[in-house]
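Visitor: protein.cif is reproduced in full below (mmCIF, C-alpha atoms).
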data_protein
loop_
_atom_site.label_atom_id
_atom_site.label_comp_id
_atom_site.auth_asym_id
_atom_site.auth_seq_id
_atom_site.Cartn_x
_atom_site.Cartn_y
_atom_site.Cartn_z
CA MET A 26 -20.21 -36.87 30.75
CA SER A 27 -19.45 -37.40 27.11
CA HIS A 28 -15.79 -36.84 26.38
CA HIS A 29 -14.43 -36.62 22.90
CA PRO A 30 -11.21 -38.55 22.50
CA LYS A 31 -11.42 -37.82 18.78
CA GLY A 32 -9.73 -34.54 19.53
CA LYS A 33 -6.60 -36.29 20.79
CA LEU A 34 -4.16 -37.32 18.14
CA ARG A 35 -3.50 -41.03 18.21
CA THR A 36 -0.52 -42.34 16.27
CA ASP A 37 1.48 -45.56 16.13
CA LEU A 38 3.50 -44.34 19.09
CA ASN A 39 0.39 -43.31 20.93
CA PRO A 40 -2.24 -45.86 19.89
CA SER A 41 -5.86 -45.55 20.88
CA ARG A 42 -6.66 -47.51 23.97
CA LEU A 43 -8.94 -50.51 24.11
CA LEU A 44 -11.49 -50.73 26.83
CA THR A 45 -14.21 -53.08 27.91
CA PHE A 46 -17.67 -52.16 29.09
CA LYS A 47 -21.19 -53.55 29.15
CA ILE A 48 -24.10 -52.97 26.81
CA ASP A 49 -27.34 -54.61 27.97
CA ASP A 50 -25.34 -56.88 30.32
CA ARG A 51 -23.14 -58.07 27.48
CA ASP A 52 -19.40 -57.60 27.76
CA VAL A 53 -18.08 -55.70 24.76
CA SER A 54 -14.72 -54.23 23.87
CA ALA A 55 -14.14 -51.04 21.97
CA ARG A 56 -11.54 -48.52 20.93
CA GLU A 57 -11.82 -45.36 22.97
CA ASP A 58 -12.66 -43.33 19.84
CA GLU A 59 -15.68 -45.41 18.89
CA SER A 60 -19.08 -44.14 19.98
CA ILE A 61 -21.41 -46.33 22.00
CA LEU A 62 -23.66 -46.51 18.95
CA GLU A 63 -20.87 -47.85 16.74
CA VAL A 64 -19.90 -50.48 19.30
CA ALA A 65 -23.51 -51.55 19.82
CA ARG A 66 -24.04 -52.00 16.09
CA GLN A 67 -20.81 -53.99 15.73
CA ASN A 68 -22.18 -56.33 18.38
CA GLY A 69 -25.59 -56.68 16.79
CA ILE A 70 -27.40 -54.56 19.36
CA ALA A 71 -30.01 -52.41 17.66
CA ILE A 72 -30.36 -48.74 18.62
CA PRO A 73 -32.81 -46.67 16.54
CA THR A 74 -31.39 -43.55 14.89
CA LEU A 75 -32.66 -40.82 12.61
CA CYS A 76 -30.07 -38.07 12.18
CA HIS A 77 -27.13 -40.53 12.16
CA LEU A 78 -25.91 -41.71 8.79
CA ASP A 79 -22.79 -43.78 8.14
CA GLY A 80 -20.41 -41.60 6.20
CA LEU A 81 -21.44 -38.28 7.74
CA SER A 82 -20.31 -36.54 10.91
CA GLU A 83 -22.42 -37.04 14.03
CA ARG A 84 -24.90 -34.39 14.94
CA GLY A 85 -26.69 -35.69 18.05
CA ALA A 86 -29.83 -33.85 16.94
CA CYS A 87 -32.68 -36.36 16.89
CA ARG A 88 -32.03 -37.93 20.32
CA LEU A 89 -33.59 -41.21 19.24
CA CYS A 90 -30.39 -43.08 20.08
CA ILE A 91 -30.56 -42.14 23.75
CA VAL A 92 -29.36 -44.80 26.18
CA GLU A 93 -29.24 -45.14 29.91
CA VAL A 94 -25.84 -45.27 31.60
CA ARG A 95 -25.74 -46.62 35.12
CA GLY A 96 -24.76 -43.90 37.54
CA VAL A 97 -25.77 -41.05 35.23
CA ALA A 98 -29.15 -39.41 35.82
CA LYS A 99 -29.53 -38.05 32.27
CA LEU A 100 -30.15 -40.16 29.21
CA LEU A 101 -27.22 -39.83 26.81
CA PRO A 102 -27.24 -39.83 23.01
CA SER A 103 -25.18 -42.89 22.10
CA CYS A 104 -23.99 -41.49 18.76
CA VAL A 105 -21.94 -38.75 20.45
CA THR A 106 -21.14 -40.49 23.75
CA PHE A 107 -17.90 -42.42 24.04
CA PRO A 108 -17.50 -45.48 26.22
CA ARG A 109 -15.45 -45.60 29.38
CA GLN A 110 -13.93 -48.54 31.14
CA ASP A 111 -16.55 -50.58 33.05
CA MET A 112 -19.41 -48.36 31.93
CA GLU A 113 -22.82 -50.06 32.03
CA VAL A 114 -25.11 -49.08 29.17
CA ILE A 115 -28.77 -50.04 28.88
CA THR A 116 -30.30 -49.54 25.45
CA ASN A 117 -33.85 -50.80 25.81
CA SER A 118 -35.21 -50.03 29.26
CA GLU A 119 -38.82 -48.93 29.56
CA ARG A 120 -37.73 -45.39 30.32
CA VAL A 121 -35.59 -45.16 27.17
CA VAL A 122 -38.28 -46.66 24.94
CA ASN A 123 -40.91 -44.28 26.34
CA TYR A 124 -38.71 -41.29 25.64
CA ARG A 125 -38.02 -42.49 22.10
CA LYS A 126 -41.74 -42.80 21.45
CA LYS A 127 -42.33 -39.30 22.81
CA ILE A 128 -39.60 -37.88 20.59
CA LEU A 129 -41.18 -39.48 17.54
CA GLU A 130 -44.61 -38.18 18.50
CA LEU A 131 -43.23 -34.68 18.91
CA LEU A 132 -41.57 -34.93 15.49
CA PHE A 133 -44.94 -35.80 13.98
CA THR A 134 -46.67 -32.86 15.66
CA GLU A 135 -44.10 -30.30 14.58
CA ARG A 136 -44.69 -30.48 10.82
CA ASN A 137 -47.34 -31.94 8.53
CA HIS A 138 -46.35 -35.56 8.00
CA VAL A 139 -49.15 -36.97 5.88
CA CYS A 140 -47.87 -40.39 4.82
CA SER A 141 -50.72 -41.27 2.48
CA VAL A 142 -49.81 -38.54 0.00
CA CYS A 143 -46.03 -38.52 0.58
CA VAL A 144 -43.53 -39.47 -2.13
CA SER A 145 -41.56 -41.46 0.44
CA ASN A 146 -44.48 -43.47 1.80
CA GLY A 147 -43.17 -46.96 2.45
CA HIS A 148 -39.51 -45.92 2.17
CA CYS A 149 -39.46 -43.35 4.95
CA GLU A 150 -37.17 -43.65 7.94
CA LEU A 151 -39.55 -41.72 10.18
CA GLN A 152 -42.39 -44.04 9.19
CA ASN A 153 -40.25 -47.14 9.69
CA LEU A 154 -39.15 -45.95 13.13
CA SER A 155 -42.73 -45.44 14.27
CA VAL A 156 -43.61 -48.93 13.08
CA GLU A 157 -40.55 -50.32 14.84
CA LEU A 158 -41.26 -48.53 18.12
CA GLY A 159 -45.02 -49.09 17.95
CA VAL A 160 -46.10 -45.46 17.79
CA THR A 161 -49.77 -45.92 16.93
CA HIS A 162 -51.07 -42.48 17.86
CA VAL A 163 -49.86 -39.06 18.93
CA ARG A 164 -50.79 -37.73 22.34
CA TYR A 165 -49.92 -34.10 21.63
CA ASN A 166 -51.69 -31.44 19.61
CA TYR A 167 -50.55 -31.05 16.03
CA LEU A 168 -49.18 -27.61 15.23
CA TYR A 169 -50.12 -27.55 11.52
CA PRO A 170 -47.48 -24.96 10.57
CA GLU A 171 -47.74 -23.33 7.17
CA HIS A 172 -44.82 -24.41 5.02
CA ALA A 173 -44.50 -23.91 1.32
CA VAL A 174 -43.15 -26.44 -1.18
CA ASP A 175 -40.18 -25.18 -3.18
CA ALA A 176 -40.09 -26.77 -6.62
CA SER A 177 -37.95 -24.11 -8.27
CA HIS A 178 -35.02 -26.50 -8.84
CA SER A 179 -35.14 -28.17 -12.24
CA ARG A 180 -34.69 -31.71 -10.90
CA PHE A 181 -35.56 -31.71 -7.21
CA SER A 182 -38.11 -30.26 -4.84
CA VAL A 183 -38.14 -29.54 -1.13
CA ASP A 184 -41.25 -29.93 1.00
CA HIS A 185 -40.59 -28.40 4.42
CA ASN A 186 -43.72 -30.07 5.78
CA ARG A 187 -41.88 -33.38 5.83
CA CYS A 188 -38.59 -32.09 7.22
CA VAL A 189 -37.43 -33.42 10.59
CA LEU A 190 -34.39 -31.10 10.81
CA CYS A 191 -31.92 -33.99 10.97
CA LEU A 192 -29.51 -31.82 8.96
CA ARG A 193 -28.23 -34.70 6.88
CA CYS A 194 -28.61 -32.51 3.78
CA VAL A 195 -26.54 -29.76 5.42
CA ARG A 196 -23.82 -32.20 6.39
CA VAL A 197 -23.62 -34.10 3.11
CA CYS A 198 -23.53 -30.84 1.13
CA ASP A 199 -20.68 -29.52 3.22
CA GLU A 200 -18.69 -32.64 4.01
CA ILE A 201 -19.02 -34.71 0.85
CA GLU A 202 -19.98 -32.31 -1.93
CA GLY A 203 -18.10 -29.37 -0.41
CA ALA A 204 -20.61 -26.77 -1.53
CA HIS A 205 -22.39 -25.88 1.73
CA THR A 206 -25.49 -24.75 -0.12
CA TRP A 207 -27.74 -25.90 2.72
CA ASP A 208 -27.84 -24.52 6.22
CA ILE A 209 -30.42 -23.95 8.90
CA MET A 210 -32.07 -20.61 9.66
CA GLY A 211 -33.81 -19.34 12.75
CA ARG A 212 -33.96 -21.18 16.04
CA GLY A 213 -36.24 -23.51 17.92
CA ILE A 214 -39.64 -24.20 16.46
CA THR A 215 -39.12 -21.68 13.63
CA SER A 216 -35.97 -23.36 12.28
CA LYS A 217 -35.93 -24.28 8.62
CA VAL A 218 -33.35 -25.64 6.21
CA ILE A 219 -32.43 -23.08 3.57
CA THR A 220 -30.38 -22.82 0.41
CA ASP A 221 -28.02 -19.85 0.14
CA LEU A 222 -29.73 -16.67 1.39
CA ASN A 223 -33.08 -18.34 2.03
CA GLN A 224 -33.85 -18.09 -1.68
CA PRO A 225 -35.66 -20.53 -3.97
CA TRP A 226 -33.48 -23.60 -4.48
CA GLY A 227 -33.46 -23.14 -8.24
CA THR A 228 -31.81 -19.73 -7.87
CA ALA A 229 -29.11 -20.85 -5.43
CA GLU A 230 -25.81 -20.14 -7.18
CA THR A 231 -23.72 -22.47 -5.03
CA CYS A 232 -25.86 -25.57 -5.68
CA THR A 233 -24.15 -28.01 -8.01
CA GLY A 234 -27.34 -30.03 -8.52
CA CYS A 235 -25.59 -33.24 -7.46
CA GLY A 236 -28.63 -34.48 -5.56
CA LYS A 237 -26.73 -35.96 -2.61
CA CYS A 238 -28.99 -34.11 -0.18
CA VAL A 239 -32.02 -35.73 -1.80
CA GLN A 240 -30.58 -39.21 -1.46
CA VAL A 241 -29.65 -38.85 2.23
CA CYS A 242 -32.93 -37.23 3.34
CA PRO A 243 -34.68 -39.71 5.67
CA THR A 244 -38.20 -38.54 4.79
CA GLY A 245 -39.98 -37.13 1.76
CA ALA A 246 -38.76 -33.58 2.46
CA LEU A 247 -36.28 -33.72 -0.41
CA SER A 248 -37.33 -35.65 -3.46
CA GLU A 249 -36.72 -36.01 -7.15
CA LYS A 250 -39.23 -34.40 -9.43
CA GLY A 251 -41.56 -36.69 -11.33
CA LYS A 252 -41.91 -39.13 -8.45
CA SER A 253 -45.45 -39.80 -7.32
CA VAL A 254 -46.76 -41.13 -3.99
CA ALA A 255 -44.51 -43.86 -2.55
CA GLU A 256 -42.20 -43.83 -5.57
CA MET A 257 -39.23 -42.02 -4.06
CA ILE A 258 -36.66 -44.63 -3.12
CA LYS A 259 -33.39 -43.19 -1.89
CA ARG A 260 -30.04 -44.66 -2.82
CA ARG A 261 -27.06 -44.01 -0.58
CA GLN A 262 -24.49 -46.59 -1.61
CA PHE A 263 -22.22 -43.80 -2.79
CA LEU A 264 -21.75 -42.30 0.66
CA PRO A 265 -19.12 -44.49 2.36
CA TYR A 266 -17.28 -44.74 -0.94
CA LEU A 267 -17.19 -40.98 -1.49
CA GLN A 268 -16.16 -40.42 2.10
CA MET A 269 -13.22 -42.77 1.64
CA MET A 270 -12.23 -41.25 -1.70
CA ARG A 271 -12.36 -37.69 -0.47
CA GLY A 272 -10.48 -38.53 2.73
CA ARG A 273 -12.31 -36.12 4.94
CA GLN A 274 -13.30 -38.58 7.66
CA GLU A 275 -12.27 -36.35 10.53
CA GLU A 276 -13.60 -33.07 9.25
CA SER A 277 -16.89 -31.63 10.28
CA TRP A 278 -19.04 -28.89 8.80
CA GLN A 279 -19.01 -27.08 12.11
CA LYS A 280 -15.38 -26.07 11.76
CA MET B 4 5.14 14.46 -8.68
CA LYS B 5 4.13 10.85 -8.71
CA GLU B 6 2.41 11.08 -5.34
CA GLU B 7 0.48 14.14 -6.42
CA SER B 8 -0.83 12.45 -9.52
CA ALA B 9 -1.76 9.39 -7.51
CA THR B 10 -4.08 11.21 -5.13
CA PRO B 11 -6.67 12.51 -7.60
CA GLU B 12 -6.75 9.11 -9.22
CA ARG B 13 -7.55 7.48 -5.93
CA LYS B 14 -10.24 10.04 -5.25
CA SER B 15 -11.93 9.46 -8.56
CA ALA B 16 -11.79 5.71 -7.98
CA SER B 17 -13.58 6.05 -4.66
CA ALA B 18 -16.11 8.44 -6.23
CA LYS B 19 -17.12 5.69 -8.63
CA GLN B 20 -18.13 3.49 -5.70
CA PRO B 21 -21.84 3.31 -4.87
CA PRO B 22 -23.06 6.08 -2.55
CA GLU B 23 -23.42 3.79 0.48
CA ASP B 24 -19.63 3.33 0.46
CA HIS B 25 -19.17 5.27 3.71
CA ARG B 26 -21.44 2.80 5.48
CA LEU B 27 -19.36 -0.07 4.18
CA ARG B 28 -16.20 1.45 5.60
CA MET B 29 -16.89 0.34 9.17
CA VAL B 30 -17.81 -3.11 7.90
CA ASN B 31 -14.63 -3.48 5.89
CA ARG B 32 -12.55 -2.15 8.76
CA THR B 33 -14.02 -4.77 11.10
CA MET B 34 -13.18 -7.54 8.65
CA GLN B 35 -9.64 -6.23 8.17
CA LEU B 36 -9.18 -6.09 11.93
CA TYR B 37 -9.68 -9.86 11.96
CA ARG B 38 -7.60 -10.33 8.81
CA ASN B 39 -10.69 -11.55 6.97
CA GLN B 40 -10.83 -14.74 8.99
CA SER B 41 -14.14 -16.56 9.00
CA HIS B 42 -14.56 -16.40 12.77
CA ALA B 43 -15.09 -12.65 12.45
CA LEU B 44 -18.55 -13.30 11.01
CA ILE B 45 -20.63 -12.33 14.05
CA GLU B 46 -18.50 -9.28 14.76
CA THR B 47 -18.85 -8.18 11.14
CA LEU B 48 -22.61 -8.70 11.15
CA HIS B 49 -22.78 -6.45 14.21
CA ALA B 50 -20.88 -3.80 12.24
CA VAL B 51 -23.33 -4.16 9.33
CA GLN B 52 -26.29 -3.90 11.68
CA GLU B 53 -24.77 -0.83 13.30
CA SER B 54 -24.01 1.11 10.13
CA PHE B 55 -26.89 0.01 7.90
CA GLY B 56 -29.57 -0.46 10.57
CA TYR B 57 -30.30 -3.90 9.17
CA LEU B 58 -28.61 -6.69 7.22
CA GLU B 59 -28.94 -5.95 3.54
CA GLU B 60 -28.72 -8.87 1.15
CA GLY B 61 -25.99 -7.31 -0.99
CA VAL B 62 -23.86 -6.59 2.06
CA LEU B 63 -24.36 -10.15 3.33
CA LYS B 64 -22.99 -11.41 0.01
CA HIS B 65 -20.05 -9.01 0.28
CA VAL B 66 -19.32 -10.22 3.84
CA ALA B 67 -19.66 -13.89 2.85
CA GLY B 68 -17.27 -13.40 -0.06
CA THR B 69 -14.65 -11.52 1.93
CA LEU B 70 -14.66 -13.83 4.95
CA ARG B 71 -15.03 -16.93 2.74
CA VAL B 72 -18.07 -18.22 4.61
CA PRO B 73 -20.87 -20.02 2.75
CA LEU B 74 -23.87 -17.78 2.01
CA SER B 75 -26.24 -20.13 3.78
CA ARG B 76 -24.08 -20.06 6.91
CA VAL B 77 -24.15 -16.24 6.94
CA TYR B 78 -27.93 -16.31 6.68
CA ALA B 79 -28.12 -18.99 9.38
CA VAL B 80 -26.12 -16.86 11.82
CA ALA B 81 -28.05 -13.70 10.89
CA THR B 82 -31.39 -15.34 11.66
CA PHE B 83 -30.25 -17.22 14.76
CA TYR B 84 -29.42 -14.15 16.85
CA HIS B 85 -32.03 -11.63 17.93
CA SER B 86 -29.57 -8.73 17.58
CA PHE B 87 -29.78 -8.88 13.80
CA THR B 88 -32.67 -7.77 11.61
CA LEU B 89 -33.02 -8.48 7.91
CA LYS B 90 -35.54 -5.75 7.14
CA PRO B 91 -34.97 -1.99 7.32
CA PRO B 92 -36.32 -0.50 10.56
CA GLY B 93 -39.28 1.88 10.55
CA GLU B 94 -38.99 5.59 11.26
CA HIS B 95 -39.99 4.99 14.87
CA THR B 96 -39.39 1.93 17.01
CA CYS B 97 -41.52 0.63 19.80
CA VAL B 98 -40.02 -2.01 22.07
CA ILE B 99 -42.30 -3.91 24.41
CA CYS B 100 -40.74 -5.82 27.29
CA MET B 101 -41.75 -9.44 27.63
CA GLY B 102 -39.71 -10.15 30.75
CA THR B 103 -41.37 -12.05 33.57
CA ALA B 104 -42.58 -9.00 35.52
CA CYS B 105 -43.86 -7.21 32.41
CA TYR B 106 -45.51 -10.36 31.10
CA ILE B 107 -47.40 -10.80 34.33
CA GLY B 108 -48.18 -7.06 34.23
CA GLY B 109 -49.98 -7.63 30.94
CA SER B 110 -47.51 -7.00 28.10
CA GLY B 111 -49.00 -9.95 26.26
CA ALA B 112 -52.31 -8.09 26.05
CA ILE B 113 -50.46 -4.98 24.81
CA LEU B 114 -48.85 -6.96 21.98
CA GLY B 115 -52.22 -8.50 21.14
CA ASP B 116 -53.77 -5.03 20.94
CA ILE B 117 -50.97 -3.71 18.71
CA LYS B 118 -51.40 -6.71 16.42
CA GLU B 119 -55.12 -6.06 16.25
CA LYS B 120 -55.18 -2.26 15.91
CA VAL B 121 -51.87 -1.43 14.20
CA GLY B 122 -51.50 -4.73 12.39
CA ILE B 123 -47.86 -5.53 13.21
CA GLY B 124 -46.36 -8.36 15.21
CA SER B 125 -42.94 -8.66 16.81
CA GLY B 126 -40.14 -7.78 14.40
CA GLU B 127 -42.53 -6.28 11.87
CA THR B 128 -42.90 -2.79 10.43
CA THR B 129 -46.09 -1.05 9.33
CA PRO B 130 -46.57 -0.99 5.52
CA ASP B 131 -46.02 2.80 5.49
CA GLY B 132 -42.59 2.28 7.11
CA LYS B 133 -43.44 4.48 10.10
CA VAL B 134 -43.42 2.13 13.08
CA SER B 135 -41.43 -1.02 13.93
CA LEU B 136 -42.35 -3.28 16.80
CA LEU B 137 -39.71 -5.20 18.73
CA VAL B 138 -39.94 -7.42 21.75
CA ALA B 139 -37.30 -7.34 24.49
CA ARG B 140 -36.49 -10.16 26.89
CA CYS B 141 -36.06 -7.82 29.84
CA LEU B 142 -35.35 -4.09 29.98
CA GLY B 143 -34.24 -4.23 33.60
CA SER B 144 -37.04 -1.87 34.55
CA CYS B 145 -39.16 -4.46 36.26
CA GLY B 146 -40.41 -1.89 38.80
CA LEU B 147 -42.14 -0.09 35.91
CA ALA B 148 -43.85 -3.22 34.58
CA PRO B 149 -45.22 -3.42 32.01
CA ALA B 150 -42.48 -1.34 30.42
CA GLY B 151 -41.57 -0.35 26.88
CA VAL B 152 -39.16 1.84 24.95
CA PHE B 153 -40.52 4.41 22.52
CA ASP B 154 -37.80 5.83 20.26
CA GLY B 155 -35.19 5.33 22.99
CA GLU B 156 -37.33 6.65 25.83
CA VAL B 157 -38.37 4.21 28.49
CA ALA B 158 -42.00 4.36 29.53
CA GLY B 159 -43.50 2.37 32.37
CA LYS B 160 -46.89 1.28 33.72
CA LEU B 161 -48.16 0.85 30.17
CA SER B 162 -51.69 -0.09 29.25
CA PRO B 163 -52.91 -1.26 25.83
CA ASP B 164 -54.72 2.05 25.36
CA ASN B 165 -51.82 4.40 26.01
CA VAL B 166 -49.46 2.29 23.87
CA ILE B 167 -51.87 2.51 20.92
CA ASP B 168 -52.16 6.24 21.66
CA LYS B 169 -48.35 6.69 21.60
CA ILE B 170 -48.02 4.75 18.35
CA GLY B 171 -50.95 6.70 16.89
CA ARG B 172 -49.12 9.98 17.45
CA TRP B 173 -46.25 8.79 15.22
CA ARG B 174 -48.44 8.07 12.24
#
Would you write out, as structure tokens, the structure that this file holds?
Guide:
Amino acid sequence: MSHHPKGKLRTDLNPSRLLTFKIDDRDVSAREDESILEVARQNGIAIPTLCHLDGLSERGACRLCIVEVRGVAKLLPSCVTFPRQDMEVITNSERVVNYRKKILELLFTERNHVCSVCVSNGHCELQNLSVELGVTHVRYNYLYPEHAVDASHSRFSVDHNRCVLCLRCVRVCDEIEGAHTWDIMGRGITSKVITDLNQPWGTAETCTGCGKCVQVCPTGALSEKGKSVAEMIKRRQFLPYLQMMRGRQEESWQK
Amino acid sequence: MKEESATPERKSASAKQPPEDHRLRMVNRTMQLYRNQSHALIETLHAVQESFGYLEEGVLKHVAGTLRVPLSRVYAVATFYHSFTLKPPGEHTCVICMGTACYIGGSGAILGDIKEKVGIGSGETTPDGKVSLLVARCLGSCGLAPAGVFDGEVAGKLSPDNVIDKIGRWR
């Protein structure tokens, strides 16, 4: 269903096409290379996201931005789905909202998200999303996996218990910093973000210590040292600016 | 004359290399075959696995450097696929099939018994380095369920007791 017109080269002689479609019964117009999520946000229609971050490539990992498209049985992630002429998108049906809640609940069960002792308490995107979507309890069993905290870096620490595997750190390290110190090991439930050869962060030779990964992390998984409960406030103003300056808008870490 | 003098020099240069050099030869050849392009990563890791028996950290660094792939990406690929192992294999390997037929036949109980009595789980090796345990998706011997492979020999109709017995004979 999702086609990727970004692959086609559009120039002055071959400009990108404009099309009109509907989001929540509102007529909207878009360029063919804008994702449904982008168009919705331009028109003031809110779609919750977690792995998406302006200034980074899309990953389509968290599935919180799923929307219903009339005539398509599956729910589609709006961040990596491109509009088509006369498409009808529904962003807030009961079905979509239920799925989003389930996804959040499953995220909570997978690791140990204990807000009351977390450095990001009050400034956490996962926490904010649950408040927004009204997730008051979790219907599934918690897995309580054993994950260590790596505080070997001189300025930052990583707590895998809080990680939601959004891979923002992996993308920002590759696309903006250009170091690719972070990546993800294993598969499925055993996946984990790693630095270099799964070694303590402090010993990773490729890490420049720029701290971009810390600032883009949506939860308290990556934090600055010396921050106590609820003190870790992330600042990301640099991202769109750096992306513009480094001119790598079209490049992705997956290449 | 010149050629003659060049040969002993080359020989002495290769003699200075670490002793595992011959194992690296296949790895380097694989990378050269793909002109050291980064998409040769999986193929190269297969070559490493083949000639070393597992993916050694030093070799991973060598591969990453030659193919110009980030270290973390090499590790990510190495841990994503089941064909690669990061630890040296034991002297003997025991593969238990966890395909549908074998699972229903009770291979789960066999694995549980091995964990309990030998103390190793899937992908692990006993502390004395004698026995490694691996789990297969399906051996294609569903008629023999539950089936396993002991040092390359397929054995069928396994029970927890005779698997423990077979492993016991290796130790």
Visitor: Using the chain letters and numbers from the file, give me the residues hit by the PyMOL selection byres ((chain B and resi 52) around 12), as a ChimeraX atom specification.
Guide: /B:26-27,29-30,45-51,53-60,62-63,81,84-92
Visitor: Which distance in Å separates CA of Leu154 (chain A) and CA of Val189 (chain A), to one decimal?
Guide: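 Between CA of Leu154 (chain A) and CA of Val189 (chain A) the gap works out to 12.9 Å.
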Visitor: On this structure, which residues satisfy the PyMOL selection byres ((chain B) within 9 of (chain A)), written as a PDB file with C-alpha atoms, keeping the file's coordinate frame?
Guide:
ATOM      1  CA  GLU B  60     -28.720  -8.870   1.150  1.00  0.00           C
ATOM      2  CA  LEU B  63     -24.360 -10.150   3.330  1.00  0.00           C
ATOM      3  CA  LYS B  64     -22.990 -11.410   0.010  1.00  0.00           C
ATOM      4  CA  PRO B  73     -20.870 -20.020   2.750  1.00  0.00           C
ATOM      5  CA  LEU B  74     -23.870 -17.780   2.010  1.00  0.00           C
ATOM      6  CA  SER B  75     -26.240 -20.130   3.780  1.00  0.00           C
ATOM      7  CA  ARG B  76     -24.080 -20.060   6.910  1.00  0.00           C
ATOM      8  CA  VAL B  77     -24.150 -16.240   6.940  1.00  0.00           C
ATOM      9  CA  TYR B  78     -27.930 -16.310   6.680  1.00  0.00           C
ATOM     10  CA  ALA B  79     -28.120 -18.990   9.380  1.00  0.00           C
ATOM     11  CA  VAL B  80     -26.120 -16.860  11.820  1.00  0.00           C
ATOM     12  CA  ALA B  81     -28.050 -13.700  10.890  1.00  0.00           C
ATOM     13  CA  THR B  82     -31.390 -15.340  11.660  1.00  0.00           C
ATOM     14  CA  PHE B  83     -30.250 -17.220  14.760  1.00  0.00           C
ATOM     15  CA  TYR B  84     -29.420 -14.150  16.850  1.00  0.00           C
TER      16      TYR B  84
END
Visitor: Between CA of Ser179 (chain A) and CA of Pro243 (chain A), what distance in Å does the model show, to one decimal?
Guide: 21.3 Å
Visitor: List the residues selected by the PyMOL selection byres ((chain B and resi 157) around 10) in the file shown, writing them as a PyMOL selection string.
Guide: chain B and resi 97-99+142+144+147+150-156+158-159
Visitor: Do you know which residues are at most 8 Å from region 86-90 of chain A counting only C-alpha atoms, after dropping those on the same chain fewer than 2 positions away, and could you put them as a PyMOL selection string?
Guide: chain A and resi 62+72-76+84+92+102-104+125+128-129+191
Visitor: Okay, now the selection with C-alpha atoms, as a PDB file, in the coordinates of the input?
Guide:
ATOM      1  CA  LEU A  62     -23.660 -46.510  18.950  1.00  0.00           C
ATOM      2  CA  ILE A  72     -30.360 -48.740  18.620  1.00  0.00           C
ATOM      3  CA  PRO A  73     -32.810 -46.670  16.540  1.00  0.00           C
ATOM      4  CA  THR A  74     -31.390 -43.550  14.890  1.00  0.00           C
ATOM      5  CA  LEU A  75     -32.660 -40.820  12.610  1.00  0.00           C
ATOM      6  CA  CYS A  76     -30.070 -38.070  12.180  1.00  0.00           C
ATOM      7  CA  ARG A  84     -24.900 -34.390  14.940  1.00  0.00           C
ATOM      8  CA  VAL A  92     -29.360 -44.800  26.180  1.00  0.00           C
ATOM      9  CA  PRO A 102     -27.240 -39.830  23.010  1.00  0.00           C
ATOM     10  CA  SER A 103     -25.180 -42.890  22.100  1.00  0.00           C
ATOM     11  CA  CYS A 104     -23.990 -41.490  18.760  1.00  0.00           C
ATOM     12  CA  ARG A 125     -38.020 -42.490  22.100  1.00  0.00           C
ATOM     13  CA  ILE A 128     -39.600 -37.880  20.590  1.00  0.00           C
ATOM     14  CA  LEU A 129     -41.180 -39.480  17.540  1.00  0.00           C
ATOM     15  CA  CYS A 191     -31.920 -33.990  10.970  1.00  0.00           C
TER      16      CYS A 191
END
Visitor: What is the distance, in Å and to one decimal place, between CA of Gly236 (chain A) and CA of Ser182 (chain A)?
Guide: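 According to the coordinates, CA of Gly236 (chain A) and CA of Ser182 (chain A) are separated by 10.4 Å.
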Visitor: Have a look at A:Leu38, A:Cys242, A:Cys140, A:Val53 and name the one nearest to Arg109 (chain A); count only C-alpha atoms.
Guide: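 Among the listed residues, the smallest separation from Arg109 (chain A) belongs to A:Val53.
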Visitor: Of the residues A:Gly80, A:Glu200, A:Leu190, A:Arg66, which is the one nearest to Pro265 (chain A), using only C-alpha atoms?
Guide: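 When distances to Pro265 (chain A) are compared using only C-alpha atoms, the smallest one comes from A:Gly80.
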Visitor: Which polymer residues, protein or nucleic acid, are no farther than 8 Å from (-40.7, -37.1, 3.2), counting all atoms listed in the file, as a CSV table (one decimal) with C-alpha atoms, in the frame of the given file?
Guide:
chain,number,residue,atom,x,y,z
A,138,HIS,CA,-46.4,-35.6,8.0
A,143,CYS,CA,-46.0,-38.5,0.6
A,144,VAL,CA,-43.5,-39.5,-2.1
A,145,SER,CA,-41.6,-41.5,0.4
A,146,ASN,CA,-44.5,-43.5,1.8
A,149,CYS,CA,-39.5,-43.4,5.0
A,184,ASP,CA,-41.2,-29.9,1.0
A,187,ARG,CA,-41.9,-33.4,5.8
A,188,CYS,CA,-38.6,-32.1,7.2
A,242,CYS,CA,-32.9,-37.2,3.3
A,243,PRO,CA,-34.7,-39.7,5.7
A,244,THR,CA,-38.2,-38.5,4.8
A,245,GLY,CA,-40.0,-37.1,1.8
A,246,ALA,CA,-38.8,-33.6,2.5
A,247,LEU,CA,-36.3,-33.7,-0.4
A,248,SER,CA,-37.3,-35.6,-3.5
Visitor: Using all atoms listed in the file, determine which residues lie at most 9 Å from Ile123 (chain B), disregarding the query and same-chain residues fewer than 3 positions distant; provide the list as a compact mmCIF listing (two decimals) with C-alpha atoms, keeping the file's coordinate frame.
Guide:
# COMPACT_ATOMS: atom_id res chain seq x y z
CA LEU B 114 -48.85 -6.96 21.98
CA ILE B 117 -50.97 -3.71 18.71
CA LYS B 118 -51.40 -6.71 16.42
CA GLU B 119 -55.12 -6.06 16.25
CA LYS B 120 -55.18 -2.26 15.91
CA GLY B 126 -40.14 -7.78 14.40
CA GLU B 127 -42.53 -6.28 11.87
CA THR B 128 -42.90 -2.79 10.43
CA THR B 129 -46.09 -1.05 9.33
CA VAL B 134 -43.42 2.13 13.08
CA SER B 135 -41.43 -1.02 13.93
CA LEU B 136 -42.35 -3.28 16.80
